[in-house]
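Enquirer: Sharing a structure, written as structure tokens. Questions coming.
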Amino acid sequence: MLYVGVDAHKATAHITVLDESGTVLRRRQITSSNAAVHEALDDLEQPMKAVVEASYLWGPMYDWLAEIADEVVLAHPTKVRAIASARIKTDAIDSQILAHLLRTNLIPAAHAPSREVRAIKRVLRRRMFLVRLQTMIKNRIQALLTQHAVERPKLTDLYGVSGLRWLRQLTLPHPDGRLLHDDLALLDVIRQHIGVTEHLIATLATHDEVVTWLASLPGIGVFLSVLIRHEVDDMDRFPTAKQFASYTGLVPATYASGARVVHGPLTNHGNKWLRWAFIEAVTAAIRVSPELRRYYERIKARRGAQDAQAATARKLAELTWTVWTQRRCYEPR
């Protein structure tokens, strides 16, 4: 068996090949391309196992290696640095360290979604980005109305058909009238782009029992259930609900020294897209679920609204793990 460590970057990559005794058989810098990977490894006739770090551009390199190697491992970059670090850091040394950790079975592996799942995630993440932009524009419009103390009509949704008609007919002094007109035009464009993804989301939600289980949770509609389903991909990699909540980043940072333990704000680690999804779901969840509403209000009374929102989002993450692993829809107490 040969062990291939790859330190991949946008333009170049460094490959180190070790044999079972740890002897370096090949060390080569290549361009980051499928052809260069094949040229560097195709002539090696022994069985091959490769590893690449989960960096920003890991996907293409992982797929290229999978065409050649018998097995490809995706390494968790933070945990790799915790296990092995060097005073002198070069791409060649990094690739050799990866190959050595792979040979000794010490690679802290990360989950590697398939190429198809990664493509779906890119579409869903783009939709989330557009939704954020939509919220920002709505907030800008609200700020303009507040600046002029405009009396608003009694509408359920200011951005529904009737509300938009009223906004387009509204006259504000220069230059705010022009700003309002431009923001409304930009809102229309963003809504059109969001609408393009509706068909894909409907298709992904059809005949997927996991999406059905997740959509039964309070506050988790069709889009968030599809998003969570594909961001997680495989729930079996989380043995407990708390481990899944930790993966979402919805747990406080903890500082412990001796007998002193201090809990800080939410950790910076974890899947930011899942964290956004569960926090986004809290407002609707506490509106439709008396149980979650009581939970939210109890924490809000002690620690404030921000902590209550984070705690309720964490509760939703744990409920997600429960319904997924138990393969059932949510049942309120």
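Residue names in the structure tokens use chain letters A, B, ... in the order shown, residue numbers from 1 in each chain, and ligand numbers from 1 in the order shown.
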Please return as a PyMOL selection string: the residues of range 69-173 of chain A that backbone DSSP assigns to helix (DSSP H, G or I).
Expert: chain A and resi 77-83+91-103+115-147+161-169
Enquirer: With 10 Å as the cut-off and only C-alpha atoms counted, what is the closest atom pair between each nearby residue of range 41-160 of chain A and range 271-276 of chain A? Distances in Å to one decimal, ordered by chain and number, as CSV.
Expert:
```
residue,atom,partner,partner_atom,distance
A:Lys121,CA,A:Trp273,CA,9.9
A:Leu124,CA,A:Trp273,CA,9.7
A:Arg125,CA,A:Trp273,CA,7.5
A:Met128,CA,A:Trp273,CA,8.5
```
Enquirer: Atoms to include: C-alpha atoms. Write the selected residues as an mmCIF file, in the first residue's frame.
Expert:
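So the final result, stored in out28.cif, reads:
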```cif
data_model
loop_
_atom_site.group_PDB
_atom_site.id
_atom_site.type_symbol
_atom_site.label_atom_id
_atom_site.label_comp_id
_atom_site.auth_asym_id
_atom_site.auth_seq_id
_atom_site.Cartn_x
_atom_site.Cartn_y
_atom_site.Cartn_z
ATOM 1 C CA LYS A 121 -25.460 22.601 -1.036
ATOM 2 C CA LEU A 124 -29.109 26.104 -1.159
ATOM 3 C CA ARG A 125 -26.349 28.290 0.286
ATOM 4 C CA MET A 128 -29.613 31.674 1.907
#
```
Enquirer: Excluding range 102-111 of chain A and its own-chain neighbours fewer than 3 positions away, which residues fall within 6 Å of it when counting only C-alpha atoms? Please give them as a VMD selection string.
Expert: chain A and resid 74 to 76 99
Enquirer: Those selected residues, please, written with N, CA and C atoms and delivered as a JSON list (two decimals), in the first residue's frame.
Expert:
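Contents of part25.json, freshly written:
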```
[["chain", "number", "residue", "atom", "x", "y", "z"],
["A", 74, "LEU", "N", -10.60, 12.66, 3.79],
["A", 74, "LEU", "CA", -10.63, 14.10, 3.98],
["A", 74, "LEU", "C", -10.22, 14.39, 5.41],
["A", 75, "ALA", "N", -9.14, 15.17, 5.59],
["A", 75, "ALA", "CA", -8.60, 15.43, 6.92],
["A", 75, "ALA", "C", -9.16, 16.71, 7.50],
["A", 76, "HIS", "N", -9.47, 16.67, 8.79],
["A", 76, "HIS", "CA", -9.95, 17.86, 9.50],
["A", 76, "HIS", "C", -8.75, 18.77, 9.77],
["A", 99, "ALA", "N", 0.80, 12.46, 4.73],
["A", 99, "ALA", "CA", 1.04, 11.09, 4.29],
["A", 99, "ALA", "C", 1.46, 10.21, 5.47]]
```
Enquirer: Tell me which protein, DNA and RNA residues are within 12 Å of Thr203 in chain A, counting only C-alpha atoms, leaving out same-chain ones fewer than 4 positions away, and put them as a list in words.
Expert: Ile120, Thr197, Glu198, His199, His207, Asp208, Val211, Val222, Phe223 and Val226 of chain A
Enquirer: Write the residues of the preceding selection, restricted to N, CA and C atoms, as a tab-separated table (two decimals), in the first residue's frame.
Expert:
```tsv
chain	number	residue	atom	x	y	z
A	120	ILE	N	-25.72	20.45	-4.63
A	120	ILE	CA	-27.00	20.86	-4.05
A	120	ILE	C	-26.77	21.89	-2.95
A	197	THR	N	-34.94	28.98	-7.42
A	197	THR	CA	-34.57	27.79	-6.66
A	197	THR	C	-35.78	27.01	-6.16
A	198	GLU	N	-36.98	27.56	-6.30
A	198	GLU	CA	-38.16	26.92	-5.74
A	198	GLU	C	-38.39	25.52	-6.33
A	199	HIS	N	-38.19	25.38	-7.64
A	199	HIS	CA	-38.42	24.09	-8.28
A	199	HIS	C	-37.46	23.04	-7.74
A	207	HIS	N	-40.59	12.82	-1.90
A	207	HIS	CA	-40.19	11.42	-1.69
A	207	HIS	C	-38.90	11.29	-0.87
A	208	ASP	N	-38.59	12.27	-0.03
A	208	ASP	CA	-37.44	12.17	0.88
A	208	ASP	C	-37.99	12.12	2.30
A	211	VAL	N	-36.62	14.66	4.91
A	211	VAL	CA	-37.20	16.01	4.80
A	211	VAL	C	-38.58	16.04	5.45
A	222	VAL	N	-40.28	23.87	4.61
A	222	VAL	CA	-39.75	23.03	3.53
A	222	VAL	C	-38.31	23.40	3.21
A	223	PHE	N	-38.03	24.70	3.04
A	223	PHE	CA	-36.67	25.09	2.65
A	223	PHE	C	-35.65	24.72	3.72
A	226	VAL	N	-34.97	20.98	3.82
A	226	VAL	CA	-34.09	20.55	2.72
A	226	VAL	C	-32.66	20.98	2.98
```
Enquirer: Excluding Thr23 in chain A and any residue of its chain fewer than 3 positions from it, enumerate the residues within 12 Å of it, using only C-alpha atoms, and give them as a list in words.
Expert: Leu2, Tyr3, Val4, Thr16, Val17, Leu18, Asp19, Glu20, Arg26, Arg27, Gln96, Ala99, His100 and Arg103 of chain A
Enquirer: Keeping only N, CA and C atoms, take the residues you just selected and write them out as a compact mmCIF listing (two decimals), in the first residue's frame.
Expert:
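Below is the file that was written, out-v9.txt:
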```txt
# COMPACT_ATOMS: atom_id res chain seq x y z
N LEU A 2 0.53 2.20 -0.85
CA LEU A 2 1.21 3.50 -0.88
C LEU A 2 0.31 4.54 -0.23
N TYR A 3 0.93 5.56 0.38
CA TYR A 3 0.20 6.59 1.10
C TYR A 3 0.55 7.94 0.50
N VAL A 4 -0.47 8.66 0.04
CA VAL A 4 -0.28 9.90 -0.69
C VAL A 4 -0.83 11.06 0.14
N THR A 16 3.25 14.14 -1.75
CA THR A 16 4.29 13.26 -1.20
C THR A 16 3.74 11.85 -1.13
N VAL A 17 4.52 10.88 -1.63
CA VAL A 17 4.13 9.48 -1.63
C VAL A 17 5.07 8.70 -0.73
N LEU A 18 4.51 7.96 0.24
CA LEU A 18 5.29 7.11 1.14
C LEU A 18 4.93 5.65 0.90
N ASP A 19 5.90 4.77 1.15
CA ASP A 19 5.57 3.34 1.15
C ASP A 19 5.21 2.92 2.57
N GLU A 20 4.99 1.64 2.79
CA GLU A 20 4.53 1.17 4.09
C GLU A 20 5.57 1.35 5.19
N ARG A 26 8.18 9.63 -3.61
CA ARG A 26 8.00 10.71 -4.58
C ARG A 26 7.57 11.97 -3.84
N ARG A 27 8.15 13.07 -4.27
CA ARG A 27 7.77 14.37 -3.73
C ARG A 27 7.73 15.33 -4.91
N GLN A 96 4.00 15.78 3.47
CA GLN A 96 4.65 14.60 4.05
C GLN A 96 4.03 14.26 5.40
N ALA A 99 0.80 12.46 4.73
CA ALA A 99 1.04 11.09 4.29
C ALA A 99 1.46 10.21 5.47
N HIS A 100 2.29 10.77 6.35
CA HIS A 100 2.74 10.00 7.51
C HIS A 100 1.58 9.69 8.46
N ARG A 103 -0.45 6.97 6.97
CA ARG A 103 0.21 5.66 7.07
C ARG A 103 0.07 5.07 8.46
```
Enquirer: To test your reading of the structure, identify every residue in range 59-294 of chain A that backbone DSSP assigns to strand (DSSP E or B), and report it as a list in words.
Expert: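 Secondary structure check on range 59-294 of chain A, strand (DSSP E or B): Glu71, Val72, Val73, Leu74, Ala75, Ala109, Pro252, Ala253, Thr254, Tyr255, Ala256, Ser257, Arg260, Val261, Val262, His263, Gly264, Pro265 and Leu266 of chain A.
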Enquirer: Write the residues you've just listed into a file as an mmCIF file, in the first residue's frame, and include C-alpha atoms for each of them.
Expert:
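The result, stored in out_20.cif:
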```cif
data_model
loop_
_atom_site.group_PDB
_atom_site.id
_atom_site.type_symbol
_atom_site.label_atom_id
_atom_site.label_comp_id
_atom_site.auth_asym_id
_atom_site.auth_seq_id
_atom_site.Cartn_x
_atom_site.Cartn_y
_atom_site.Cartn_z
ATOM 1 C CA GLU A 71 -9.477 5.305 -0.920
ATOM 2 C CA VAL A 72 -9.426 9.047 -0.288
ATOM 3 C CA VAL A 73 -9.604 10.526 3.222
ATOM 4 C CA LEU A 74 -10.631 14.100 3.975
ATOM 5 C CA ALA A 75 -8.597 15.427 6.919
ATOM 6 C CA ALA A 109 -11.158 12.413 9.283
ATOM 7 C CA PRO A 252 -21.126 28.165 24.287
ATOM 8 C CA ALA A 253 -17.354 28.386 24.311
ATOM 9 C CA THR A 254 -16.022 26.918 27.576
ATOM 10 C CA TYR A 255 -12.915 28.039 29.460
ATOM 11 C CA ALA A 256 -11.854 25.722 32.287
ATOM 12 C CA SER A 257 -8.879 26.082 34.617
ATOM 13 C CA ARG A 260 -13.100 27.390 37.609
ATOM 14 C CA VAL A 261 -15.354 26.898 34.584
ATOM 15 C CA VAL A 262 -16.576 29.854 32.536
ATOM 16 C CA HIS A 263 -19.061 29.634 29.654
ATOM 17 C CA GLY A 264 -18.740 32.339 27.015
ATOM 18 C CA PRO A 265 -20.591 33.232 23.799
ATOM 19 C CA LEU A 266 -21.314 30.720 21.039
#
```
Enquirer: Within 12 Å of range 280-296 of chain A, which residues of range 88-194 of chain A come that close, and what is the closest atom pair and distance in Å for each? Count only C-alpha atoms and give it as a tab-separated table.
Expert:
```
residue	atom	partner	partner_atom	distance
A:Met128	CA	A:Glu280	CA	10.6
A:Val131	CA	A:Glu280	CA	11.0
A:Arg132	CA	A:Glu280	CA	10.7
A:Thr135	CA	A:Glu280	CA	11.8
```
Enquirer: Report as a PDB file with N, CA and C atoms, in the first residue's frame all protein, DNA and RNA residues lying within 8 Å of Arg314 in chain A, evaluated on only C-alpha atoms, omitting residues in the same chain fewer than 6 positions from it.
Expert:
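Below is the file result.pdb, written as the result:
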```
ATOM      1  N   ALA A 245     -25.412  19.115  18.145  1.00  0.00           N
ATOM      2  CA  ALA A 245     -25.558  20.533  18.483  1.00  0.00           C
ATOM      3  C   ALA A 245     -24.202  21.229  18.474  1.00  0.00           C
ATOM      4  N   LEU A 250     -23.872  25.734  17.994  1.00  0.00           N
ATOM      5  CA  LEU A 250     -24.864  26.322  18.899  1.00  0.00           C
ATOM      6  C   LEU A 250     -24.589  25.947  20.351  1.00  0.00           C
ATOM      7  N   VAL A 251     -23.326  25.888  20.720  1.00  0.00           N
ATOM      8  CA  VAL A 251     -22.925  25.612  22.096  1.00  0.00           C
ATOM      9  C   VAL A 251     -21.987  26.732  22.539  1.00  0.00           C
ATOM     10  N   PHE A 278     -31.028  27.096  12.162  1.00  0.00           N
ATOM     11  CA  PHE A 278     -31.757  26.863  13.419  1.00  0.00           C
ATOM     12  C   PHE A 278     -32.097  28.179  14.115  1.00  0.00           C
TER      13      PHE A 278
END
```
Enquirer: If we count only C-alpha atoms, what is near Gly160 in chain A at a cut-off of 12 Å, once residues fewer than 4 positions away on the same chain are taken out, given as a ChimeraX atom specification?
Expert: /A:138,155-156,164-167,187-188,191
Enquirer: Give me, please, the distance in Å between CA of Pro218 in chain A and CA of Leu316 in chain A, quoted to one decimal.
Expert: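 Atom-to-atom, CA of Pro218 in chain A and CA of Leu316 in chain A are spaced 8.2 Å apart.
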Enquirer: Just the number, please: distance in Å from CA of Thr12 in chain A to CA of Tyr62 in chain A, one decimal.
Expert: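 Rounded to one decimal, the two atoms are 14.3 Å apart.
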